[in-house]
Every structure is written in C-alpha cells, then in structure tokens.
Amino acid sequence: MKRRYISKFLNRMKTTIGIPVFVCFVFCAGKSTRVPSGAEPGLAIVRANVQTFPEGADKALPQVKKFTHEDITVFAWSKDFARGNATLIEIESSRSLDGIRLDINGRERKLLKGRGCLFVLHANSADSKLTANKLTVYRGKDVAAEFELPVVKKEYPVAHSKMTVNNFSNQSKPMSEKTLQWIEEGRKKKMQAFISAQENFLTSDLRYPRDEHKITSPFFIKRIYERFKLVRGKKKKLAGKTSFHGGTDLKGPTGAPIFAIADGVVNLAEQLYYDGNIVMIDHGNGIISGYMHQSELLVKAGERVKAGQLIGKTGATGMVTGPHLHIFLHINGVKVDPLSLLHLPLRPAH
Ligand SMILES: [Zn+2]
C-alpha cells in the first residue's frame with residue numbers, strides 16, 4: 001500500500017518538475033514542490049508552488065483527505081478545511097477520466113484538466129452552517145462514487161473597538177451628485193469585473209501578494225464602523241454600521257509593492273470611491289482576486305498577468321484608516337481568506 005503511494009508520488013513529482021525527484025530534493029529545497037510528509041502514513045502531502053513567502057507568513061503544508069471507491073480516487077487539499085478557506089478537489093481514476101462529472105451539494109461544478117486528474121476549487125462561506133460537503137462523482141449519468149468532505153467550523157474574530165474612517169464616518173453632509181454618480185458607476189464596473197472567463201488561467205505558480213507579512217485586520221473579522229454627525233462643531237454619535245471584513249488587510253506603507261497572487265487577466269484597474277485604486281484579476285472559472293487602496297496602479301484592464309507580477313503599490317486611497325493592502329478572493333461567488341489559496345498544490349494540465 002505504502003509503496004503504491006510512494007511510486008505514485010514519484011510519478012507526480014516527475015510530471016510536476018520534469019526532472020528526477022532526488023535531484024529536486026537536493027537542489028530545490030526551499031522551492032516549494034510536492035514533498036512527502038509523515039502526517040498521514042503512506043499519503044504524500046504536497047506543498048503549493050508559492051514563489052516567495054515573507055518571514056512569518058503561514059507556509060504550512062496543506063491538509064489532505066483521500067476518498068476511494070472502486071476506480072475513483074478523490075483528493076481534497078486545504079489549509080484546514082475550515083469554512084471561509086479555499087479547497088482544491090482532485091479526481092483521479094485508474095480507468096479513464098472521460099465523462100467524469102462532479103456535483104458538490106447537488107450542484108454540478110465545472111471540472112478543469114489537471115495533470116493526471118480533473119480538479120475544481122471550492123469554498124464554503126465563512127458563515128456557512130454546513131458541517132459537510134456532499135461530493136457526488138458521476139461517470140456519464142451513473143453515480144461512480146459519493147463522499148462527504150467535512151466543513152470545519154472556524155470562528156472568526158470580533159473587533160472590540162469601533163473604527164473611525166475619517167470623512168467616511170462623518171454623516172453630516174449629504175453626498176454630492178457627482179460622488180453618488182461615481183459610487184454608482186464604480187458599483188457597475190465592479191459588478192462587470194466579477195464576470196469570470198470560462199478559460200482557466202491558473203498555473204501551479206502562486207505568489208504571496210506582499211514582500212512583507214503582517215495582517216493588520218484578518219479575514220471575516222466583525223467590525224463596527226463609527227458614524228457621527230457634526231452638531232455645532234461637536235460629534236454626535238449615530239448608530240454604528242456592522243460589517244464582516246471581506247478580505248485580509250496586509251501591512252504596507254504607501255508605495256510598497258503588490259504582486260498578483262496567481263496568473264490571470266486584469267478585469268478592472270480603476271479608482272473607485274470606497275475601494276480606492278483597485279485591481280481585480282480574473283483567474284478563470286469564477287476565481288477572482290482583488291487588491292484595494294493602492295497608491296499607484298501598474299496594470300490595465302485586459303492585461304494578462306503572471307503570478308508574482310508587480311501590479312501596483314500599497315496606498316491609502318478609498319475608505320481606509322491608513323495605507324495597507326486589502327486583498328480579497330472570490331471562489332464561485334464565495335468570499336474566502338485569500339491567503340488560504342497559497343496552501344493549495346495546484347497542478348493544471350498546462
Ligand atoms: Zn480591509
């Protein structure tokens with residue numbers, strides 16, 4: 001049994017890097033690749049192919065779950081399978097992969113071609129009530145296998161102090177027509193930018209979005225924005241506005257580099273009222289990353305970008321308390337912790 005996995009792992013390594021595996025262990029230590037771990041006996045644990053991790057960033061190996069039924073084997077990879085985190089689901093077969101389809105919780109998901117597998121990225125919302133995802137693998141019309149993938153109930157933090165966001169908290173003056181128009185146009189442009197291509201742009205390369213790691217506000221933290229009116233020069237408090245953080249804030253002084261986390265096509269590079277200078281990158285098939293509050297945009301809509309490409313600079317444009325990068329990631333319309341993608345050992349066929 002164990003030997004079978006080791007040989008499978010060696011084969012994967014060869015197809016992943018194209019050179020003998022032992023050479024890789026010696027010379028490519030440090031460069032992330034598929035490496036074995038003793039975590040689960042016999043099962044090869046692999047690492048995502050992340051180009052650079054700044055000091056202190058979480059570069060833990062992903063967890064893996066394996067399900068087998070007859071000729072079908074499903075591998076699921078995730079940082080921890082928590083709700084709000086990205087999961088990679090791969091389907092392999094000792095027979096042909098022709099006609100293989102996948103439903104997740106009763107909805108068909110488009111499978112992409114991987115090296116020796118079909119794959120899809122999946123995510124449960126950070127406030128999902130599901131305790132498990134039901135995976136049904138079909139061959140043609142027949143059910144070939146059914147599995148349950150547990151959803152770990154992660155509790156996200158709650159901020160204790162209210163946030164004052166400069167002029168955005170001040171409700172004294174109604175917004176001008178011009179501002180309202182800017183907001184509305186921005187909303188439409190952003191909605192358009194969430195339309196994802198059917199083509200897969202992802203490669204196995206991923207990149208940490210900054211050259212430094214410090215989370216200043218974590219994903220899905222519950223925050224309350226302070227709102228006030230000025231009455232005779234004095235602040236009169238209004239009811240606060242509760243929101244859940246739709247991305248992760250990473251420290252960065254104005255002008256620090258921002259890198260694309262994966263290959264894709266720029267769907268939006270604009271200055272918006274709330275988001276400030278924003279870049280949105282379409283990675284294909286409903287996977288979209290966004291980079292907000294930039295001081296400078298270095299890419300244009302329609303441009304093809306590579307993982308690790310410099311796309312802009314951190315700043316304090318839009319609704320912010322200070323300069324930083326707000327990065328977000330959507331998988332099929334579900335907001336996920338963007339850094340959770342960096343744990344996934346992607347192996348698309350191209
Ligand atoms: Zn943020």
# chains A, B, ... in the order shown; residues from 1 in each chain; ligands from 1
>>> closest_atom_pairs(of="chain A", to="ligand 1", cutoff="9 Å", atoms="only C-alpha atoms and all ligand atoms", output="CSV")
residue,atom,partner,partner_atom_place_in_ligand_line,distance
A:Thr216,CA,ligand 1,1 (Zn),8.6
A:Ser217,CA,ligand 1,1 (Zn),6.6
A:Pro218,CA,ligand 1,1 (Zn),8.0
A:Phe219,CA,ligand 1,1 (Zn),8.0
A:His245,CA,ligand 1,1 (Zn),6.2
A:Gly246,CA,ligand 1,1 (Zn),7.0
A:Gly247,CA,ligand 1,1 (Zn),5.7
A:Thr248,CA,ligand 1,1 (Zn),5.6
A:Asp249,CA,ligand 1,1 (Zn),4.7
A:Leu250,CA,ligand 1,1 (Zn),8.2
A:Met292,CA,ligand 1,1 (Zn),8.0
A:His293,CA,ligand 1,1 (Zn),8.9
A:Val320,CA,ligand 1,1 (Zn),7.9
A:His324,CA,ligand 1,1 (Zn),8.2
A:Leu325,CA,ligand 1,1 (Zn),7.3
A:His326,CA,ligand 1,1 (Zn),4.4
A:Ile327,CA,ligand 1,1 (Zn),7.1
A:Phe328,CA,ligand 1,1 (Zn),8.4
>>> write_last_selection(atoms="C-alpha atoms", output="CSV table (one decimal), in the first residue's frame")
chain,number,residue,atom,x,y,z
A,216,THR,CA,-3.4,44.2,10.3
A,217,SER,CA,-7.1,43.1,10.0
A,218,PRO,CA,-7.9,39.5,9.4
A,219,PHE,CA,-10.4,38.0,7.0
A,245,HIS,CA,-14.3,42.0,6.6
A,246,GLY,CA,-14.5,40.7,3.1
A,247,GLY,CA,-10.7,40.3,2.7
A,248,THR,CA,-7.4,40.4,4.5
A,249,ASP,CA,-5.5,43.6,5.3
A,250,LEU,CA,-1.8,43.4,4.9
A,292,MET,CA,-7.6,47.7,-3.0
A,293,HIS,CA,-6.5,51.1,-1.7
A,320,VAL,CA,-9.3,53.5,4.9
A,324,HIS,CA,-2.3,49.0,3.6
A,325,LEU,CA,-3.3,46.3,1.1
A,326,HIS,CA,-6.8,44.9,1.3
A,327,ILE,CA,-6.7,41.7,-0.7
A,328,PHE,CA,-9.8,39.6,-1.4
>>> residues_around(residues="Val279 in chain A", least_positions_apart="3", cutoff="6 Å", atoms="only C-alpha atoms", output="list of chain:residue names")
A:Leu268, A:Ala269, A:Gly290, A:Tyr291
>>> write_last_selection(atoms="N, CA and C atoms", output="PDB file, in the first residue's frame")
ATOM      1  N   LEU A 268     -10.254  44.721 -13.954  1.00  0.00           N
ATOM      2  CA  LEU A 268     -10.549  46.091 -13.504  1.00  0.00           C
ATOM      3  C   LEU A 268      -9.272  46.719 -12.957  1.00  0.00           C
ATOM      4  N   ALA A 269      -9.004  47.956 -13.365  1.00  0.00           N
ATOM      5  CA  ALA A 269      -7.905  48.748 -12.797  1.00  0.00           C
ATOM      6  C   ALA A 269      -8.403  50.183 -12.816  1.00  0.00           C
ATOM      7  N   GLY A 290      -8.745  40.511  -5.758  1.00  0.00           N
ATOM      8  CA  GLY A 290      -8.829  41.968  -5.804  1.00  0.00           C
ATOM      9  C   GLY A 290      -7.828  42.590  -4.847  1.00  0.00           C
ATOM     10  N   TYR A 291      -7.335  43.765  -5.219  1.00  0.00           N
ATOM     11  CA  TYR A 291      -6.250  44.432  -4.474  1.00  0.00           C
ATOM     12  C   TYR A 291      -6.648  45.899  -4.355  1.00  0.00           C
TER      13      TYR A 291
END
>>> atom_distance(atom1="CA of Leu180 in chain A", atom2="CA of Lys234 in chain A")
26.0 Å
>>> residues_around(residues="Glu199 in chain A", least_positions_apart="6", cutoff="9 Å", atoms="only C-alpha atoms", output="list in words")
His283, Gly284 and Asn285 of chain A
>>> write_last_selection(atoms="N, CA and C atoms", output="PDB file, in the first residue's frame")
ATOM      1  N   HIS A 283      -8.939  34.822 -12.591  1.00  0.00           N
ATOM      2  CA  HIS A 283      -8.099  33.629 -12.766  1.00  0.00           C
ATOM      3  C   HIS A 283      -8.862  32.542 -13.535  1.00  0.00           C
ATOM      4  N   GLY A 284     -10.070  32.893 -13.947  1.00  0.00           N
ATOM      5  CA  GLY A 284     -10.891  31.968 -14.742  1.00  0.00           C
ATOM      6  C   GLY A 284     -11.829  31.136 -13.891  1.00  0.00           C
ATOM      7  N   ASN A 285     -12.970  30.789 -14.489  1.00  0.00           N
ATOM      8  CA  ASN A 285     -13.936  29.887 -13.843  1.00  0.00           C
ATOM      9  C   ASN A 285     -14.365  30.323 -12.437  1.00  0.00           C
TER      10      ASN A 285
END
>>> atom_distance(atom1="CA of Val137 in chain A", atom2="CA of Ile72 in chain A")
8.3 Å
>>> select_by_dssp(residues="range 142-333 of chain A", states="helix (DSSP H, G or I)", output="PyMOL selection string")
chain A and resi 166-169+177-193
>>> select_by_dssp(residues="range 132-308 of chain A", states="strand (DSSP E)", output="PyMOL selection string")
chain A and resi 132-139+142-150+205-206+215-217+222-231+234-244+248-251+257-259+264-272+276-284+287-294+296-297+304-305
>>> write_last_selection(atoms="C-alpha atoms", output="PDB file, in the first residue's frame")
ATOM      1  CA  ALA A 132     -20.044  18.600   5.389  1.00  0.00           C
ATOM      2  CA  ASN A 133     -19.988  18.918   1.614  1.00  0.00           C
ATOM      3  CA  LYS A 134     -21.553  16.100  -0.311  1.00  0.00           C
ATOM      4  CA  LEU A 135     -19.420  15.181  -3.323  1.00  0.00           C
ATOM      5  CA  THR A 136     -21.037  13.032  -5.992  1.00  0.00           C
ATOM      6  CA  VAL A 137     -18.832  11.812  -8.814  1.00  0.00           C
ATOM      7  CA  TYR A 138     -20.636  10.741 -11.969  1.00  0.00           C
ATOM      8  CA  ARG A 139     -19.429   8.770 -14.936  1.00  0.00           C
ATOM      9  CA  ASP A 142     -24.201   6.916 -13.350  1.00  0.00           C
ATOM     10  CA  VAL A 143     -23.053   7.720  -9.852  1.00  0.00           C
ATOM     11  CA  ALA A 144     -19.463   6.473  -9.705  1.00  0.00           C
ATOM     12  CA  ALA A 145     -18.750   7.485  -6.098  1.00  0.00           C
ATOM     13  CA  GLU A 146     -20.113   9.560  -3.238  1.00  0.00           C
ATOM     14  CA  PHE A 147     -18.108  11.145  -0.446  1.00  0.00           C
ATOM     15  CA  GLU A 148     -18.614  13.545   2.433  1.00  0.00           C
ATOM     16  CA  LEU A 149     -15.996  16.211   2.950  1.00  0.00           C
ATOM     17  CA  PRO A 150     -16.281  17.732   6.435  1.00  0.00           C
ATOM     18  CA  ASP A 205       2.582  29.113  -9.616  1.00  0.00           C
ATOM     19  CA  LEU A 206       1.310  31.233  -6.768  1.00  0.00           C
ATOM     20  CA  ILE A 215      -2.003  41.009   8.954  1.00  0.00           C
ATOM     21  CA  THR A 216      -3.435  44.250  10.279  1.00  0.00           C
ATOM     22  CA  SER A 217      -7.057  43.106  10.004  1.00  0.00           C
ATOM     23  CA  LYS A 222     -16.719  41.508  12.554  1.00  0.00           C
ATOM     24  CA  ARG A 223     -16.190  45.251  12.771  1.00  0.00           C
ATOM     25  CA  ILE A 224     -18.336  48.235  13.613  1.00  0.00           C
ATOM     26  CA  TYR A 225     -17.799  51.487  11.800  1.00  0.00           C
ATOM     27  CA  GLU A 226     -18.378  54.576  13.869  1.00  0.00           C
ATOM     28  CA  ARG A 227     -20.765  57.087  12.341  1.00  0.00           C
ATOM     29  CA  PHE A 228     -21.346  60.608  13.557  1.00  0.00           C
ATOM     30  CA  LYS A 229     -22.819  63.964  12.680  1.00  0.00           C
ATOM     31  CA  LEU A 230     -21.259  67.288  13.493  1.00  0.00           C
ATOM     32  CA  VAL A 231     -23.669  69.448  15.509  1.00  0.00           C
ATOM     33  CA  LYS A 234     -19.303  68.678  18.150  1.00  0.00           C
ATOM     34  CA  LYS A 235     -19.508  64.997  17.207  1.00  0.00           C
ATOM     35  CA  LYS A 236     -22.928  63.462  17.732  1.00  0.00           C
ATOM     36  CA  LYS A 237     -22.713  59.685  17.594  1.00  0.00           C
ATOM     37  CA  LEU A 238     -25.020  57.779  15.294  1.00  0.00           C
ATOM     38  CA  ALA A 239     -25.663  54.037  15.304  1.00  0.00           C
ATOM     39  CA  GLY A 240     -22.576  52.183  14.101  1.00  0.00           C
ATOM     40  CA  LYS A 241     -22.573  50.074  10.965  1.00  0.00           C
ATOM     41  CA  THR A 242     -21.647  46.417  11.371  1.00  0.00           C
ATOM     42  CA  SER A 243     -19.762  44.638   8.632  1.00  0.00           C
ATOM     43  CA  PHE A 244     -17.747  41.490   8.099  1.00  0.00           C
ATOM     44  CA  THR A 248      -7.432  40.407   4.522  1.00  0.00           C
ATOM     45  CA  ASP A 249      -5.510  43.590   5.319  1.00  0.00           C
ATOM     46  CA  LEU A 250      -1.766  43.356   4.942  1.00  0.00           C
ATOM     47  CA  LYS A 251       0.625  45.955   6.250  1.00  0.00           C
ATOM     48  CA  PRO A 257       4.923  46.549  -3.954  1.00  0.00           C
ATOM     49  CA  ILE A 258       1.796  44.477  -4.565  1.00  0.00           C
ATOM     50  CA  PHE A 259       2.100  41.224  -6.510  1.00  0.00           C
ATOM     51  CA  GLY A 264      -4.843  35.792 -14.719  1.00  0.00           C
ATOM     52  CA  VAL A 265      -6.316  38.635 -16.711  1.00  0.00           C
ATOM     53  CA  VAL A 266      -6.909  42.093 -15.241  1.00  0.00           C
ATOM     54  CA  ASN A 267     -10.659  42.708 -15.230  1.00  0.00           C
ATOM     55  CA  LEU A 268     -10.549  46.091 -13.504  1.00  0.00           C
ATOM     56  CA  ALA A 269      -7.905  48.748 -12.797  1.00  0.00           C
ATOM     57  CA  GLU A 270      -9.728  51.871 -11.644  1.00  0.00           C
ATOM     58  CA  GLN A 271     -10.113  54.386  -8.892  1.00  0.00           C
ATOM     59  CA  LEU A 272     -13.381  53.748  -7.045  1.00  0.00           C
ATOM     60  CA  GLY A 276      -9.726  53.491  -3.884  1.00  0.00           C
ATOM     61  CA  ASN A 277      -7.386  52.343  -6.638  1.00  0.00           C
ATOM     62  CA  ILE A 278      -8.357  48.747  -7.209  1.00  0.00           C
ATOM     63  CA  VAL A 279      -7.111  45.930  -9.428  1.00  0.00           C
ATOM     64  CA  MET A 280      -9.229  42.833  -9.958  1.00  0.00           C
ATOM     65  CA  ILE A 281      -7.691  39.782 -11.582  1.00  0.00           C
ATOM     66  CA  ASP A 282      -9.747  37.019 -13.170  1.00  0.00           C
ATOM     67  CA  HIS A 283      -8.099  33.629 -12.766  1.00  0.00           C
ATOM     68  CA  GLY A 284     -10.891  31.968 -14.742  1.00  0.00           C
ATOM     69  CA  ILE A 287     -11.879  32.707  -9.271  1.00  0.00           C
ATOM     70  CA  ILE A 288     -11.228  36.424  -8.845  1.00  0.00           C
ATOM     71  CA  SER A 289      -8.697  38.264  -6.694  1.00  0.00           C
ATOM     72  CA  GLY A 290      -8.829  41.968  -5.804  1.00  0.00           C
ATOM     73  CA  TYR A 291      -6.250  44.432  -4.474  1.00  0.00           C
ATOM     74  CA  MET A 292      -7.580  47.658  -2.957  1.00  0.00           C
ATOM     75  CA  HIS A 293      -6.480  51.096  -1.736  1.00  0.00           C
ATOM     76  CA  GLN A 294      -3.426  51.297  -4.000  1.00  0.00           C
ATOM     77  CA  GLU A 296      -0.474  53.544  -7.925  1.00  0.00           C
ATOM     78  CA  LEU A 297      -1.942  51.156 -10.487  1.00  0.00           C
ATOM     79  CA  ARG A 304      -2.537  39.270 -18.892  1.00  0.00           C
ATOM     80  CA  VAL A 305      -0.530  38.962 -15.660  1.00  0.00           C
TER      81      VAL A 305
END
>>> closest_residue(among="A:Thr203, A:Asn332, A:Thr254, A:Ser78", to="Glu90 in chain A", atoms="only C-alpha atoms")
A:Ser78
>>> atom_distance(atom1="CA of Ile195 in chain A", atom2="CA of Ala301 in chain A")
13.2 Å
>>> residues_around(residues="range 115-128 of chain A", least_positions_apart="6", cutoff="8 Å", atoms="only C-alpha atoms", output="list in words")
Thr15, Arg83, Gly84, Asn85, Ala86, Thr87, Leu88, Ile89, Glu90, Ile91, Glu92, Ser93, Leu97, Arg109, Val151, Lys154, Tyr156, Phe220, Ile331, Asn332, Val334, Lys335, Val336, Arg347, Pro348 and Ala349 of chain A
>>> write_last_selection(atoms="C-alpha atoms", output="PDB file, in the first residue's frame")
ATOM      1  CA  THR A  15       5.307  15.184 -14.099  1.00  0.00           C
ATOM      2  CA  ARG A  83     -15.357  27.369   6.271  1.00  0.00           C
ATOM      3  CA  GLY A  84     -14.038  30.509   4.582  1.00  0.00           C
ATOM      4  CA  ASN A  85     -10.938  28.754   3.232  1.00  0.00           C
ATOM      5  CA  ALA A  86     -10.212  27.537  -0.293  1.00  0.00           C
ATOM      6  CA  THR A  87     -10.239  23.800  -1.011  1.00  0.00           C
ATOM      7  CA  LEU A  88      -8.768  22.011  -4.015  1.00  0.00           C
ATOM      8  CA  ILE A  89     -10.634  18.887  -5.068  1.00  0.00           C
ATOM      9  CA  GLU A  90      -8.914  16.496  -7.473  1.00  0.00           C
ATOM     10  CA  ILE A  91     -10.427  13.413  -9.070  1.00  0.00           C
ATOM     11  CA  GLU A  92      -8.255  10.573 -10.344  1.00  0.00           C
ATOM     12  CA  SER A  93      -9.248   7.257 -11.865  1.00  0.00           C
ATOM     13  CA  LEU A  97     -11.454  10.299 -16.774  1.00  0.00           C
ATOM     14  CA  ARG A 109     -19.197  22.058 -10.827  1.00  0.00           C
ATOM     15  CA  VAL A 151     -16.513  21.512   6.840  1.00  0.00           C
ATOM     16  CA  LYS A 154     -13.991  28.060  12.294  1.00  0.00           C
ATOM     17  CA  TYR A 156     -13.850  34.342  13.088  1.00  0.00           C
ATOM     18  CA  PHE A 220     -14.086  37.999   8.138  1.00  0.00           C
ATOM     19  CA  ILE A 331     -14.300  31.415  -5.482  1.00  0.00           C
ATOM     20  CA  ASN A 332     -17.524  30.929  -7.377  1.00  0.00           C
ATOM     21  CA  VAL A 334     -17.903  32.926  -2.177  1.00  0.00           C
ATOM     22  CA  LYS A 335     -15.541  35.238  -0.291  1.00  0.00           C
ATOM     23  CA  VAL A 336     -12.603  33.311   1.123  1.00  0.00           C
ATOM     24  CA  ARG A 347      -1.429  21.229 -10.957  1.00  0.00           C
ATOM     25  CA  PRO A 348      -3.371  22.372 -14.005  1.00  0.00           C
ATOM     26  CA  ALA A 349      -2.669  20.488 -17.211  1.00  0.00           C
TER      27      ALA A 349
END
>>> residues_around(residues="Asp211 in chain A", least_positions_apart="5", cutoff="12 Å", atoms="only C-alpha atoms", output="MDAnalysis selection string")
chainID A and resid 51:57 250:253 256:261 308 310 313:314 325
>>> write_last_selection(atoms="N, CA and C atoms", output="compact mmCIF listing (two decimals), in the first residue's frame")
# COMPACT_ATOMS: atom_id res chain seq x y z
N GLN A 51 5.99 31.10 -4.91
CA GLN A 51 7.32 31.61 -5.26
C GLN A 51 8.09 32.17 -4.06
N THR A 52 7.44 33.02 -3.29
CA THR A 52 8.15 33.68 -2.19
C THR A 52 7.21 33.81 -1.01
N PHE A 53 7.71 33.45 0.15
CA PHE A 53 6.95 33.66 1.38
C PHE A 53 7.72 34.64 2.25
N PRO A 54 7.17 35.77 2.59
CA PRO A 54 7.89 36.64 3.52
C PRO A 54 7.98 35.99 4.90
N GLU A 55 8.90 36.44 5.68
CA GLU A 55 9.10 35.89 7.02
C GLU A 55 7.81 36.00 7.84
N GLY A 56 7.48 34.94 8.52
CA GLY A 56 6.31 34.97 9.41
C GLY A 56 5.02 34.54 8.75
N ALA A 57 5.01 34.44 7.41
CA ALA A 57 3.79 34.02 6.72
C ALA A 57 3.56 32.54 6.96
N LEU A 250 -3.19 43.60 4.74
CA LEU A 250 -1.77 43.36 4.94
C LEU A 250 -1.04 44.69 5.05
N LYS A 251 -0.13 44.73 6.00
CA LYS A 251 0.62 45.95 6.25
C LYS A 251 1.42 46.37 5.01
N GLY A 252 1.51 47.66 4.81
CA GLY A 252 2.33 48.16 3.71
C GLY A 252 2.31 49.68 3.69
N PRO A 253 3.47 50.30 3.80
CA PRO A 253 3.49 51.76 3.70
C PRO A 253 3.16 52.19 2.28
N ALA A 256 4.69 50.57 -1.30
CA ALA A 256 5.26 49.21 -1.23
C ALA A 256 4.65 48.33 -2.33
N PRO A 257 5.41 47.33 -2.80
CA PRO A 257 4.92 46.55 -3.95
C PRO A 257 3.75 45.62 -3.64
N ILE A 258 2.90 45.45 -4.63
CA ILE A 258 1.80 44.48 -4.56
C ILE A 258 1.97 43.52 -5.75
N PHE A 259 1.90 42.22 -5.46
CA PHE A 259 2.10 41.22 -6.51
C PHE A 259 0.81 40.44 -6.75
N ALA A 260 0.61 40.05 -8.01
CA ALA A 260 -0.53 39.17 -8.35
C ALA A 260 -0.32 37.83 -7.66
N ILE A 261 -1.36 37.28 -7.04
CA ILE A 261 -1.18 36.00 -6.32
C ILE A 261 -1.19 34.80 -7.27
N GLY A 308 3.08 36.76 -9.22
CA GLY A 308 4.31 37.44 -8.81
C GLY A 308 4.60 38.72 -9.56
N LEU A 310 4.44 42.50 -10.51
CA LEU A 310 4.15 43.74 -9.78
C LEU A 310 2.95 44.40 -10.45
N LYS A 313 0.99 49.53 -6.15
CA LYS A 313 1.69 49.87 -4.91
C LYS A 313 0.69 50.16 -3.81
N THR A 314 1.04 49.78 -2.61
CA THR A 314 0.12 49.99 -1.49
C THR A 314 -0.12 51.48 -1.26
N LEU A 325 -2.65 47.05 2.17
CA LEU A 325 -3.28 46.32 1.05
C LEU A 325 -4.47 45.54 1.59
>>> decode(residues="range 278-306 of chain A", atoms="N, CA and C atoms", output="tab-separated table (two decimals), in the first residue's frame")
chain	number	residue	atom	x	y	z
A	278	ILE	N	-8.15	50.20	-7.35
A	278	ILE	CA	-8.36	48.75	-7.21
A	278	ILE	C	-7.96	48.03	-8.49
A	279	VAL	N	-7.36	46.84	-8.31
A	279	VAL	CA	-7.11	45.93	-9.43
A	279	VAL	C	-7.87	44.64	-9.11
A	280	MET	N	-8.60	44.15	-10.10
A	280	MET	CA	-9.23	42.83	-9.96
A	280	MET	C	-8.68	41.93	-11.04
A	281	ILE	N	-8.27	40.74	-10.63
A	281	ILE	CA	-7.69	39.78	-11.58
A	281	ILE	C	-8.59	38.55	-11.67
A	282	ASP	N	-8.94	38.22	-12.91
A	282	ASP	CA	-9.75	37.02	-13.17
A	282	ASP	C	-8.80	35.85	-13.42
A	283	HIS	N	-8.94	34.82	-12.59
A	283	HIS	CA	-8.10	33.63	-12.77
A	283	HIS	C	-8.86	32.54	-13.54
A	284	GLY	N	-10.07	32.89	-13.95
A	284	GLY	CA	-10.89	31.97	-14.74
A	284	GLY	C	-11.83	31.14	-13.89
A	285	ASN	N	-12.97	30.79	-14.49
A	285	ASN	CA	-13.94	29.89	-13.84
A	285	ASN	C	-14.37	30.32	-12.44
A	286	GLY	N	-14.62	31.62	-12.30
A	286	GLY	CA	-15.19	32.12	-11.05
A	286	GLY	C	-14.18	32.41	-9.95
A	287	ILE	N	-12.90	32.41	-10.30
A	287	ILE	CA	-11.88	32.71	-9.27
A	287	ILE	C	-11.30	34.10	-9.56
A	288	ILE	N	-11.57	35.01	-8.63
A	288	ILE	CA	-11.23	36.42	-8.84
A	288	ILE	C	-10.51	36.95	-7.61
A	289	SER	N	-9.37	37.61	-7.82
A	289	SER	CA	-8.70	38.26	-6.69
A	289	SER	C	-8.77	39.78	-6.87
A	290	GLY	N	-8.75	40.51	-5.76
A	290	GLY	CA	-8.83	41.97	-5.80
A	290	GLY	C	-7.83	42.59	-4.85
A	291	TYR	N	-7.33	43.77	-5.22
A	291	TYR	CA	-6.25	44.43	-4.47
A	291	TYR	C	-6.65	45.90	-4.36
A	292	MET	N	-6.98	46.34	-3.12
A	292	MET	CA	-7.58	47.66	-2.96
A	292	MET	C	-6.67	48.69	-2.30
A	293	HIS	N	-7.09	49.94	-2.41
A	293	HIS	CA	-6.48	51.10	-1.74
A	293	HIS	C	-5.08	51.43	-2.24
A	294	GLN	N	-4.78	51.10	-3.48
A	294	GLN	CA	-3.43	51.30	-4.00
A	294	GLN	C	-3.10	52.78	-4.23
A	295	SER	N	-1.83	53.10	-4.08
A	295	SER	CA	-1.39	54.48	-4.38
A	295	SER	C	-1.13	54.62	-5.87
A	296	GLU	N	-0.81	53.51	-6.50
A	296	GLU	CA	-0.47	53.54	-7.93
A	296	GLU	C	-0.92	52.24	-8.58
A	297	LEU	N	-1.55	52.35	-9.73
A	297	LEU	CA	-1.94	51.16	-10.49
A	297	LEU	C	-0.91	50.94	-11.58
A	298	LEU	N	-0.39	49.73	-11.68
A	298	LEU	CA	0.68	49.48	-12.67
A	298	LEU	C	0.23	48.53	-13.78
A	299	VAL	N	-1.05	48.19	-13.79
A	299	VAL	CA	-1.57	47.35	-14.87
A	299	VAL	C	-2.87	47.97	-15.41
A	300	LYS	N	-3.28	47.48	-16.55
A	300	LYS	CA	-4.51	47.99	-17.18
A	300	LYS	C	-5.50	46.85	-17.41
A	301	ALA	N	-6.76	47.20	-17.47
A	301	ALA	CA	-7.79	46.19	-17.74
A	301	ALA	C	-7.49	45.50	-19.07
A	302	GLY	N	-7.65	44.20	-19.10
A	302	GLY	CA	-7.41	43.42	-20.31
A	302	GLY	C	-6.01	42.82	-20.36
A	303	GLU	N	-5.14	43.30	-19.48
A	303	GLU	CA	-3.74	42.83	-19.48
A	303	GLU	C	-3.63	41.44	-18.86
A	304	ARG	N	-2.82	40.60	-19.43
A	304	ARG	CA	-2.54	39.27	-18.89
A	304	ARG	C	-1.42	39.42	-17.87
A	305	VAL	N	-1.58	38.85	-16.69
A	305	VAL	CA	-0.53	38.96	-15.66
A	305	VAL	C	-0.12	37.58	-15.16
A	306	LYS	N	1.11	37.51	-14.67
A	306	LYS	CA	1.65	36.27	-14.14
A	306	LYS	C	1.67	36.36	-12.61
